[in-house]
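So this one's upload05.txt, compact mmCIF, N, CA and C atoms and all ligand atoms:
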# COMPACT_ATOMS: atom_id res chain seq x y z
N ALA Y 1 30.83 -148.56 33.11
CA ALA Y 1 30.57 -149.93 32.63
C ALA Y 1 30.08 -149.88 31.19
N ASP Y 2 30.47 -150.86 30.43
CA ASP Y 2 29.99 -150.94 29.05
C ASP Y 2 28.50 -151.30 29.05
N ALA Y 3 27.77 -150.63 28.19
CA ALA Y 3 26.40 -151.08 27.96
C ALA Y 3 26.48 -152.34 27.12
N ALA Y 4 25.91 -153.43 27.60
CA ALA Y 4 25.96 -154.67 26.84
C ALA Y 4 25.22 -154.51 25.54
N PRO Y 5 25.85 -154.81 24.41
CA PRO Y 5 25.10 -154.71 23.17
C PRO Y 5 24.06 -155.82 23.10
N PHE Y 6 23.06 -155.55 22.36
CA PHE Y 6 22.02 -156.56 22.16
C PHE Y 6 22.39 -157.37 20.93
N THR Y 7 22.28 -158.69 21.01
CA THR Y 7 22.63 -159.50 19.85
C THR Y 7 21.54 -159.39 18.79
N ASP Y 8 21.91 -159.70 17.55
CA ASP Y 8 20.93 -159.73 16.48
C ASP Y 8 19.81 -160.72 16.79
N GLU Y 9 20.17 -161.83 17.44
CA GLU Y 9 19.15 -162.83 17.79
C GLU Y 9 18.15 -162.25 18.78
N GLU Y 10 18.64 -161.50 19.74
CA GLU Y 10 17.73 -160.88 20.72
C GLU Y 10 16.81 -159.86 20.04
N ILE Y 11 17.38 -159.10 19.13
CA ILE Y 11 16.57 -158.09 18.43
C ILE Y 11 15.54 -158.77 17.53
N ASP Y 12 15.94 -159.82 16.84
CA ASP Y 12 14.99 -160.59 16.01
C ASP Y 12 13.82 -161.06 16.86
N ARG Y 13 14.14 -161.63 18.01
CA ARG Y 13 13.11 -162.21 18.86
C ARG Y 13 12.18 -161.13 19.40
N LEU Y 14 12.76 -159.98 19.79
CA LEU Y 14 11.94 -158.87 20.27
C LEU Y 14 10.96 -158.43 19.19
N VAL Y 15 11.47 -158.19 17.99
CA VAL Y 15 10.63 -157.66 16.91
C VAL Y 15 9.57 -158.69 16.51
N GLU Y 16 9.98 -159.95 16.37
CA GLU Y 16 9.01 -160.98 15.97
C GLU Y 16 7.91 -161.13 17.01
N THR Y 17 8.30 -161.17 18.29
CA THR Y 17 7.32 -161.39 19.36
C THR Y 17 6.39 -160.19 19.48
N PHE Y 18 6.98 -159.00 19.46
CA PHE Y 18 6.18 -157.79 19.62
C PHE Y 18 5.15 -157.65 18.49
N TYR Y 19 5.59 -157.81 17.24
CA TYR Y 19 4.64 -157.58 16.14
C TYR Y 19 3.64 -158.73 16.00
N ALA Y 20 3.98 -159.92 16.46
CA ALA Y 20 2.96 -160.97 16.52
C ALA Y 20 1.84 -160.54 17.46
N ARG Y 21 2.20 -159.89 18.57
CA ARG Y 21 1.20 -159.41 19.52
C ARG Y 21 0.44 -158.21 18.99
N ILE Y 22 1.16 -157.31 18.34
CA ILE Y 22 0.49 -156.15 17.72
C ILE Y 22 -0.60 -156.64 16.77
N ARG Y 23 -0.30 -157.65 16.00
CA ARG Y 23 -1.27 -158.13 14.99
C ARG Y 23 -2.51 -158.70 15.65
N GLN Y 24 -2.37 -159.18 16.89
CA GLN Y 24 -3.53 -159.76 17.60
C GLN Y 24 -4.29 -158.72 18.40
N HIS Y 25 -3.75 -157.50 18.52
CA HIS Y 25 -4.40 -156.51 19.37
C HIS Y 25 -5.66 -155.99 18.68
N HIS Y 26 -6.73 -155.84 19.43
CA HIS Y 26 -8.03 -155.53 18.80
C HIS Y 26 -8.06 -154.15 18.16
N ARG Y 27 -7.26 -153.22 18.64
CA ARG Y 27 -7.27 -151.88 18.03
C ARG Y 27 -6.06 -151.64 17.14
N LEU Y 28 -4.90 -152.12 17.56
CA LEU Y 28 -3.68 -151.87 16.77
C LEU Y 28 -3.60 -152.81 15.57
N GLY Y 29 -4.01 -154.03 15.73
CA GLY Y 29 -3.89 -155.03 14.67
C GLY Y 29 -4.46 -154.56 13.34
N PRO Y 30 -5.73 -154.10 13.33
CA PRO Y 30 -6.32 -153.70 12.05
C PRO Y 30 -5.60 -152.54 11.36
N ILE Y 31 -5.03 -151.64 12.16
CA ILE Y 31 -4.30 -150.50 11.57
C ILE Y 31 -3.06 -151.01 10.83
N PHE Y 32 -2.34 -151.91 11.49
CA PHE Y 32 -1.14 -152.46 10.87
C PHE Y 32 -1.48 -153.31 9.65
N GLU Y 33 -2.52 -154.15 9.78
CA GLU Y 33 -2.87 -155.00 8.65
C GLU Y 33 -3.24 -154.15 7.43
N ALA Y 34 -3.98 -153.07 7.67
CA ALA Y 34 -4.39 -152.22 6.55
C ALA Y 34 -3.19 -151.52 5.92
N ALA Y 35 -2.25 -151.05 6.75
CA ALA Y 35 -1.12 -150.29 6.21
C ALA Y 35 -0.09 -151.21 5.55
N ILE Y 36 0.09 -152.38 6.11
CA ILE Y 36 1.20 -153.25 5.68
C ILE Y 36 0.75 -154.27 4.65
N GLY Y 37 -0.50 -154.69 4.75
CA GLY Y 37 -1.04 -155.59 3.74
C GLY Y 37 -0.60 -157.03 3.97
N PRO Y 38 -1.22 -157.95 3.24
CA PRO Y 38 -0.95 -159.37 3.49
C PRO Y 38 0.48 -159.79 3.17
N ASP Y 39 1.13 -159.09 2.25
CA ASP Y 39 2.47 -159.53 1.81
C ASP Y 39 3.61 -158.68 2.36
N GLY Y 40 3.28 -157.64 3.13
CA GLY Y 40 4.30 -156.68 3.52
C GLY Y 40 5.06 -157.00 4.79
N TRP Y 41 4.62 -158.07 5.50
CA TRP Y 41 5.20 -158.27 6.84
C TRP Y 41 6.69 -158.60 6.84
N PRO Y 42 7.20 -159.45 5.95
CA PRO Y 42 8.64 -159.71 5.99
C PRO Y 42 9.47 -158.42 5.86
N GLU Y 43 9.04 -157.55 4.96
CA GLU Y 43 9.76 -156.29 4.77
C GLU Y 43 9.64 -155.39 6.00
N HIS Y 44 8.42 -155.33 6.57
CA HIS Y 44 8.23 -154.49 7.76
C HIS Y 44 9.10 -154.99 8.92
N LEU Y 45 9.08 -156.31 9.14
CA LEU Y 45 9.86 -156.85 10.26
C LEU Y 45 11.36 -156.65 10.03
N ALA Y 46 11.81 -156.81 8.81
CA ALA Y 46 13.23 -156.59 8.52
C ALA Y 46 13.62 -155.14 8.81
N LYS Y 47 12.73 -154.21 8.41
CA LYS Y 47 12.99 -152.79 8.65
C LYS Y 47 13.05 -152.49 10.14
N LEU Y 48 12.13 -153.09 10.89
CA LEU Y 48 12.09 -152.82 12.33
C LEU Y 48 13.26 -153.47 13.06
N LYS Y 49 13.78 -154.58 12.54
CA LYS Y 49 15.00 -155.16 13.12
C LYS Y 49 16.18 -154.22 12.88
N ASP Y 50 16.26 -153.67 11.67
CA ASP Y 50 17.32 -152.69 11.40
C ASP Y 50 17.17 -151.46 12.30
N PHE Y 51 15.92 -151.03 12.48
CA PHE Y 51 15.67 -149.86 13.33
C PHE Y 51 16.17 -150.10 14.75
N TRP Y 52 15.77 -151.21 15.35
CA TRP Y 52 16.16 -151.47 16.74
C TRP Y 52 17.65 -151.74 16.86
N SER Y 53 18.25 -152.33 15.83
CA SER Y 53 19.70 -152.50 15.83
C SER Y 53 20.39 -151.13 15.84
N SER Y 54 19.85 -150.19 15.09
CA SER Y 54 20.42 -148.85 15.07
C SER Y 54 20.24 -148.15 16.41
N VAL Y 55 19.03 -148.30 16.98
CA VAL Y 55 18.74 -147.62 18.25
C VAL Y 55 19.57 -148.21 19.39
N LEU Y 56 19.61 -149.53 19.47
CA LEU Y 56 20.23 -150.16 20.65
C LEU Y 56 21.73 -150.33 20.49
N ASN Y 57 22.18 -150.57 19.27
CA ASN Y 57 23.60 -150.88 19.07
C ASN Y 57 24.32 -149.84 18.21
N THR Y 58 23.62 -148.76 17.86
CA THR Y 58 24.19 -147.71 17.02
C THR Y 58 24.81 -148.31 15.75
N SER Y 59 24.08 -149.26 15.15
CA SER Y 59 24.64 -149.98 14.00
C SER Y 59 24.49 -149.22 12.69
N GLY Y 60 23.64 -148.22 12.66
CA GLY Y 60 23.43 -147.47 11.42
C GLY Y 60 22.70 -148.24 10.33
N ARG Y 61 22.05 -149.34 10.69
CA ARG Y 61 21.38 -150.15 9.65
C ARG Y 61 20.10 -149.52 9.14
N TYR Y 62 19.45 -148.77 9.99
CA TYR Y 62 18.17 -148.17 9.59
C TYR Y 62 18.40 -146.78 9.01
N LYS Y 63 17.86 -146.59 7.82
CA LYS Y 63 17.84 -145.25 7.23
C LYS Y 63 16.40 -144.96 6.89
N GLY Y 64 15.80 -144.04 7.56
CA GLY Y 64 14.41 -143.75 7.26
C GLY Y 64 13.94 -142.55 8.02
N GLN Y 65 12.69 -142.25 7.83
CA GLN Y 65 12.09 -141.07 8.45
C GLN Y 65 10.82 -141.53 9.16
N PRO Y 66 10.94 -141.90 10.43
CA PRO Y 66 9.79 -142.47 11.13
C PRO Y 66 8.58 -141.54 11.20
N VAL Y 67 8.81 -140.25 11.42
CA VAL Y 67 7.63 -139.36 11.50
C VAL Y 67 6.90 -139.37 10.17
N ALA Y 68 7.64 -139.16 9.08
CA ALA Y 68 7.00 -139.14 7.75
C ALA Y 68 6.30 -140.48 7.48
N ALA Y 69 6.92 -141.59 7.87
CA ALA Y 69 6.31 -142.90 7.61
C ALA Y 69 4.97 -143.02 8.33
N HIS Y 70 4.88 -142.50 9.55
CA HIS Y 70 3.63 -142.63 10.30
C HIS Y 70 2.57 -141.64 9.86
N GLN Y 71 2.98 -140.58 9.18
CA GLN Y 71 1.98 -139.63 8.67
C GLN Y 71 1.05 -140.30 7.66
N GLY Y 72 1.54 -141.33 6.99
CA GLY Y 72 0.70 -142.01 6.03
C GLY Y 72 -0.14 -143.14 6.61
N VAL Y 73 -0.06 -143.35 7.93
CA VAL Y 73 -0.76 -144.49 8.52
C VAL Y 73 -2.19 -144.09 8.88
N GLU Y 74 -3.13 -144.70 8.19
CA GLU Y 74 -4.55 -144.41 8.41
C GLU Y 74 -4.97 -144.91 9.79
N GLY Y 75 -5.57 -144.03 10.58
CA GLY Y 75 -6.17 -144.46 11.85
C GLY Y 75 -5.27 -144.33 13.07
N VAL Y 76 -4.03 -143.90 12.91
CA VAL Y 76 -3.15 -143.77 14.08
C VAL Y 76 -3.56 -142.52 14.86
N THR Y 77 -3.67 -142.67 16.19
CA THR Y 77 -4.01 -141.56 17.07
C THR Y 77 -3.02 -141.49 18.21
N GLU Y 78 -2.99 -140.35 18.87
CA GLU Y 78 -2.09 -140.19 20.01
C GLU Y 78 -2.43 -141.21 21.10
N GLY Y 79 -3.72 -141.44 21.33
CA GLY Y 79 -4.14 -142.36 22.38
C GLY Y 79 -3.67 -143.79 22.15
N LEU Y 80 -3.48 -144.18 20.89
CA LEU Y 80 -3.05 -145.55 20.60
C LEU Y 80 -1.60 -145.82 20.99
N PHE Y 81 -0.84 -144.75 21.25
CA PHE Y 81 0.54 -144.98 21.70
C PHE Y 81 0.57 -145.64 23.08
N THR Y 82 -0.49 -145.45 23.89
CA THR Y 82 -0.50 -146.07 25.22
C THR Y 82 -0.55 -147.60 25.12
N PRO Y 83 -1.50 -148.19 24.38
CA PRO Y 83 -1.45 -149.65 24.25
C PRO Y 83 -0.21 -150.15 23.50
N TRP Y 84 0.26 -149.39 22.52
CA TRP Y 84 1.50 -149.79 21.80
C TRP Y 84 2.63 -149.95 22.82
N LEU Y 85 2.82 -148.92 23.66
CA LEU Y 85 3.91 -148.97 24.64
C LEU Y 85 3.66 -150.05 25.69
N GLY Y 86 2.41 -150.24 26.07
CA GLY Y 86 2.09 -151.29 27.04
C GLY Y 86 2.51 -152.66 26.53
N LEU Y 87 2.15 -152.95 25.28
CA LEU Y 87 2.54 -154.24 24.68
C LEU Y 87 4.05 -154.35 24.57
N PHE Y 88 4.68 -153.24 24.22
CA PHE Y 88 6.14 -153.26 24.05
C PHE Y 88 6.83 -153.56 25.38
N HIS Y 89 6.42 -152.86 26.42
CA HIS Y 89 7.04 -153.09 27.74
C HIS Y 89 6.80 -154.52 28.23
N MET Y 90 5.58 -155.02 28.00
CA MET Y 90 5.27 -156.38 28.41
C MET Y 90 6.20 -157.37 27.71
N THR Y 91 6.40 -157.17 26.41
CA THR Y 91 7.27 -158.06 25.64
C THR Y 91 8.71 -157.98 26.14
N CYS Y 92 9.19 -156.78 26.37
CA CYS Y 92 10.58 -156.62 26.87
C CYS Y 92 10.75 -157.28 28.23
N ALA Y 93 9.74 -157.16 29.08
CA ALA Y 93 9.84 -157.73 30.43
C ALA Y 93 9.92 -159.26 30.36
N GLU Y 94 9.28 -159.83 29.34
CA GLU Y 94 9.33 -161.28 29.20
C GLU Y 94 10.64 -161.77 28.61
N LEU Y 95 11.23 -160.97 27.74
CA LEU Y 95 12.39 -161.46 26.98
C LEU Y 95 13.73 -161.07 27.58
N PHE Y 96 13.75 -160.02 28.44
CA PHE Y 96 15.02 -159.51 28.94
C PHE Y 96 14.96 -159.39 30.46
N ASP Y 97 16.13 -159.40 31.08
CA ASP Y 97 16.15 -159.12 32.51
C ASP Y 97 15.79 -157.65 32.73
N ALA Y 98 15.50 -157.31 33.98
CA ALA Y 98 14.92 -156.00 34.26
C ALA Y 98 15.80 -154.83 33.81
N PRO Y 99 17.10 -154.85 34.05
CA PRO Y 99 17.91 -153.70 33.63
C PRO Y 99 17.93 -153.52 32.11
N ARG Y 100 18.00 -154.64 31.38
CA ARG Y 100 18.04 -154.52 29.91
C ARG Y 100 16.66 -154.18 29.36
N ALA Y 101 15.61 -154.72 29.97
CA ALA Y 101 14.26 -154.33 29.56
C ALA Y 101 14.06 -152.82 29.76
N ALA Y 102 14.63 -152.30 30.84
CA ALA Y 102 14.48 -150.87 31.12
C ALA Y 102 15.20 -150.04 30.07
N ILE Y 103 16.36 -150.49 29.62
CA ILE Y 103 17.10 -149.74 28.59
C ILE Y 103 16.26 -149.64 27.32
N ILE Y 104 15.71 -150.76 26.89
CA ILE Y 104 14.91 -150.76 25.66
C ILE Y 104 13.63 -149.96 25.85
N GLY Y 105 13.00 -150.15 27.00
CA GLY Y 105 11.75 -149.45 27.26
C GLY Y 105 11.91 -147.94 27.26
N GLN Y 106 13.02 -147.48 27.82
CA GLN Y 106 13.26 -146.03 27.84
C GLN Y 106 13.49 -145.49 26.44
N LYS Y 107 14.18 -146.26 25.61
CA LYS Y 107 14.36 -145.83 24.21
C LYS Y 107 13.01 -145.71 23.53
N ALA Y 108 12.16 -146.73 23.72
CA ALA Y 108 10.85 -146.72 23.07
C ALA Y 108 10.02 -145.52 23.54
N GLU Y 109 10.06 -145.23 24.83
CA GLU Y 109 9.29 -144.09 25.36
C GLU Y 109 9.75 -142.78 24.72
N ARG Y 110 11.07 -142.62 24.60
CA ARG Y 110 11.59 -141.38 24.03
C ARG Y 110 11.21 -141.25 22.56
N ILE Y 111 11.34 -142.35 21.83
CA ILE Y 111 11.00 -142.30 20.41
C ILE Y 111 9.50 -142.06 20.23
N ALA Y 112 8.69 -142.71 21.07
CA ALA Y 112 7.24 -142.51 20.98
C ALA Y 112 6.90 -141.05 21.24
N ALA Y 113 7.55 -140.44 22.22
CA ALA Y 113 7.27 -139.03 22.52
C ALA Y 113 7.64 -138.15 21.33
N THR Y 114 8.77 -138.47 20.69
CA THR Y 114 9.20 -137.69 19.52
C THR Y 114 8.21 -137.87 18.36
N LEU Y 115 7.77 -139.11 18.17
CA LEU Y 115 6.79 -139.37 17.11
C LEU Y 115 5.49 -138.61 17.38
N LYS Y 116 5.02 -138.64 18.61
CA LYS Y 116 3.77 -137.94 18.94
C LYS Y 116 3.92 -136.44 18.70
N LEU Y 117 5.07 -135.89 19.10
CA LEU Y 117 5.30 -134.46 18.84
C LEU Y 117 5.22 -134.19 17.35
N GLY Y 118 5.91 -134.99 16.56
CA GLY Y 118 5.96 -134.76 15.12
C GLY Y 118 4.62 -134.96 14.45
N LEU Y 119 3.86 -135.92 14.95
CA LEU Y 119 2.59 -136.27 14.29
C LEU Y 119 1.43 -135.39 14.73
N PHE Y 120 1.38 -135.08 16.02
CA PHE Y 120 0.15 -134.48 16.56
C PHE Y 120 0.35 -133.10 17.14
N HIS Y 121 1.59 -132.64 17.27
CA HIS Y 121 1.82 -131.36 17.94
C HIS Y 121 2.67 -130.41 17.11
N ARG Y 122 2.80 -130.70 15.83
CA ARG Y 122 3.45 -129.72 14.97
C ARG Y 122 2.48 -128.57 14.75
N PRO Y 123 2.99 -127.35 14.52
CA PRO Y 123 2.11 -126.28 14.11
C PRO Y 123 1.38 -126.71 12.84
N GLY Y 124 0.09 -126.64 12.86
CA GLY Y 124 -0.68 -126.99 11.67
C GLY Y 124 -0.97 -128.47 11.53
N ALA Y 125 -0.49 -129.30 12.47
CA ALA Y 125 -0.73 -130.74 12.35
C ALA Y 125 -2.18 -131.08 12.70
C1 LIG D 201 6.29 -148.12 10.58
C2 LIG D 201 2.08 -148.11 12.97
C3 LIG D 201 4.35 -146.49 16.93
C4 LIG D 201 8.57 -147.44 14.79
C5 LIG D 201 4.96 -148.27 10.90
C6 LIG D 201 3.93 -148.70 9.97
C7 LIG D 201 2.76 -148.72 10.65
C8 LIG D 201 3.03 -148.27 11.99
C9 LIG D 201 1.39 -149.13 10.12
C10 LIG D 201 4.16 -149.06 8.51
C11 LIG D 201 4.03 -147.83 7.68
C12 LIG D 201 4.10 -148.17 6.21
O1 LIG D 201 5.01 -148.90 5.81
O2 LIG D 201 3.24 -147.72 5.48
C13 LIG D 201 2.32 -147.59 14.22
C14 LIG D 201 1.29 -147.29 15.22
C15 LIG D 201 1.93 -146.83 16.32
C16 LIG D 201 3.37 -146.86 16.03
C17 LIG D 201 -0.21 -147.50 14.99
C18 LIG D 201 1.38 -146.34 17.65
C19 LIG D 201 0.09 -146.25 17.93
C20 LIG D 201 5.69 -146.67 16.73
C21 LIG D 201 6.72 -146.47 17.73
C22 LIG D 201 7.91 -146.76 17.12
C23 LIG D 201 7.62 -147.12 15.74
C24 LIG D 201 6.46 -146.01 19.16
C25 LIG D 201 9.31 -146.74 17.68
C26 LIG D 201 9.59 -146.80 18.99
C27 LIG D 201 8.32 -147.61 13.45
C28 LIG D 201 9.35 -147.66 12.44
C29 LIG D 201 8.69 -147.84 11.21
C30 LIG D 201 7.28 -147.92 11.51
C31 LIG D 201 10.85 -147.52 12.64
C32 LIG D 201 9.32 -147.93 9.82
C33 LIG D 201 9.32 -146.54 9.20
C34 LIG D 201 9.95 -146.55 7.82
O3 LIG D 201 9.27 -146.95 6.87
O4 LIG D 201 11.13 -146.18 7.71
N1 LIG D 201 4.37 -148.01 12.11
N2 LIG D 201 3.55 -147.31 14.76
N3 LIG D 201 6.28 -147.07 15.54
N4 LIG D 201 7.10 -147.76 12.87
FE1 LIG D 201 5.33 -147.53 13.81
Could you take the file, read its structure, and then write that structure out as structure tokens?
Ligand code: HEM
Amino acid sequence: ADAAPFTDEEIDRLVETFYARIRQHHRLGPIFEAAIGPDGWPEHLAKLKDFWSSVLNTSGRYKGQPVAAHQGVEGVTEGLFTPWLGLFHMTCAELFDAPRAAIIGQKAERIAATLKLGLFHRPGA
């Protein structure tokens, strides 16, 4: 069976809803506000829409280095990936039916694991 592609509208809604919640989270919000700044959100959201389009639809829109980008984020810890993923799964469950939420959630889990390896488990990290 074909994997149903996700529309740009669905990806927009996922990214907008998720990061609105991230900004309200008592521990994650301040980290993002400090890194992204008052004027950086349109650019950040556009980048993350390209990222999820690349991940879910193999669109090739995102060109970047996620591990390197997170190395510069002040205050990020391995433990904070748990609430990040919790918020992400909650958002997906609200916006998508269960099979499609599971597809996105599994991608996020895999990428989070790769990021954690790169950030916290490299030799010398
Ligand atoms: C960028 C925080 C987990 C995907 C960023 C930025 C921050 C951030 C502050 C902006 C960096 C900058 O522009 O200076 C965090 C925190 C996380 C987390 C605190 C967990 C505790 C994740 C996960 C994913 C992800 C799990 C993917 C599933 C991205 C991407 C970018 C980004 C694609 C853009 C990187 C680039 O500039 O090319 N993150 N992040 N992040 N994040 Fe995260």
*Determine, counting only C-alpha atoms, every residue of protein, DNA or RNA that lies within 12 Å of (11.2, -143.4, 24.0) in the file coordinates, then give the result as a list of chain:residue names.*
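So the residues meeting the distance criterion are Y:Trp52, Y:Val55, Y:Leu56, Y:Phe81, Y:Trp84, Y:Leu85, Y:Phe88, Y:His89, Y:Ala102, Y:Ile103, Y:Ile104, Y:Gly105, Y:Gln106, Y:Lys107, Y:Ala108, Y:Glu109, Y:Arg110, Y:Ile111, Y:Ala112, Y:Ala113, Y:Thr114, Y:Leu115, Y:Lys116, Y:Leu117.
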*asked:* Which residues are near ligand LIG 201 (chain D) - at most 6.5 Å, using only N, CA and C atoms and all ligand atoms? Format: as an MDAnalysis selection string.
replied: chainID Y and resid 28 31:33 35:36 47:48 51 63:66 69:70 72:73 75:82 84:85 107:109 111:113
_Need the shell around Glu9 in chain Y: protein/DNA/RNA residues with any atom at most 12 Å away, counting only C-alpha atoms. Skip same-chain ones fewer than 4 positions apart. Format as a list of chain:residue names?_
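Counting only the stated atoms, we get Y:Pro5, Y:Arg13, Y:Leu14, Y:Val15, Y:Glu16, Y:Lys49, Y:Trp52, Y:Ser53, Y:Leu95.
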_Interatomic distance, CA of Val67 in chain Y to CA of Ala98 in chain Y (Å, one decimal)_ =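 Computed distance, CA of Val67 in chain Y to CA of Ala98 in chain Y, equals 29.1 Å.
Put simply, atom C of Ser59 in chain Y is 19.2 Å away from atom N of Glu43 in chain Y.
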_Please extract the residues of chain Y with a backbone DSSP assignment of alpha helix (DSSP H) and present them as number ranges by chain._
Y: 8-24, 28-36, 41-57, 66-71, 81-95, 98-120
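Atom pair atom C of Leu87 in chain Y / CA of His44 in chain Y has a distance of 17.3 Å (rounded to one decimal).
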*Considering only C-alpha atoms, state which residue in the set Y:Tyr19, Y:Phe96, Y:Phe120, Y:Phe6 is at the smallest distance from Trp41 in chain Y.*
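Of all the options, Y:Tyr19 lies closest to Trp41 in chain Y.
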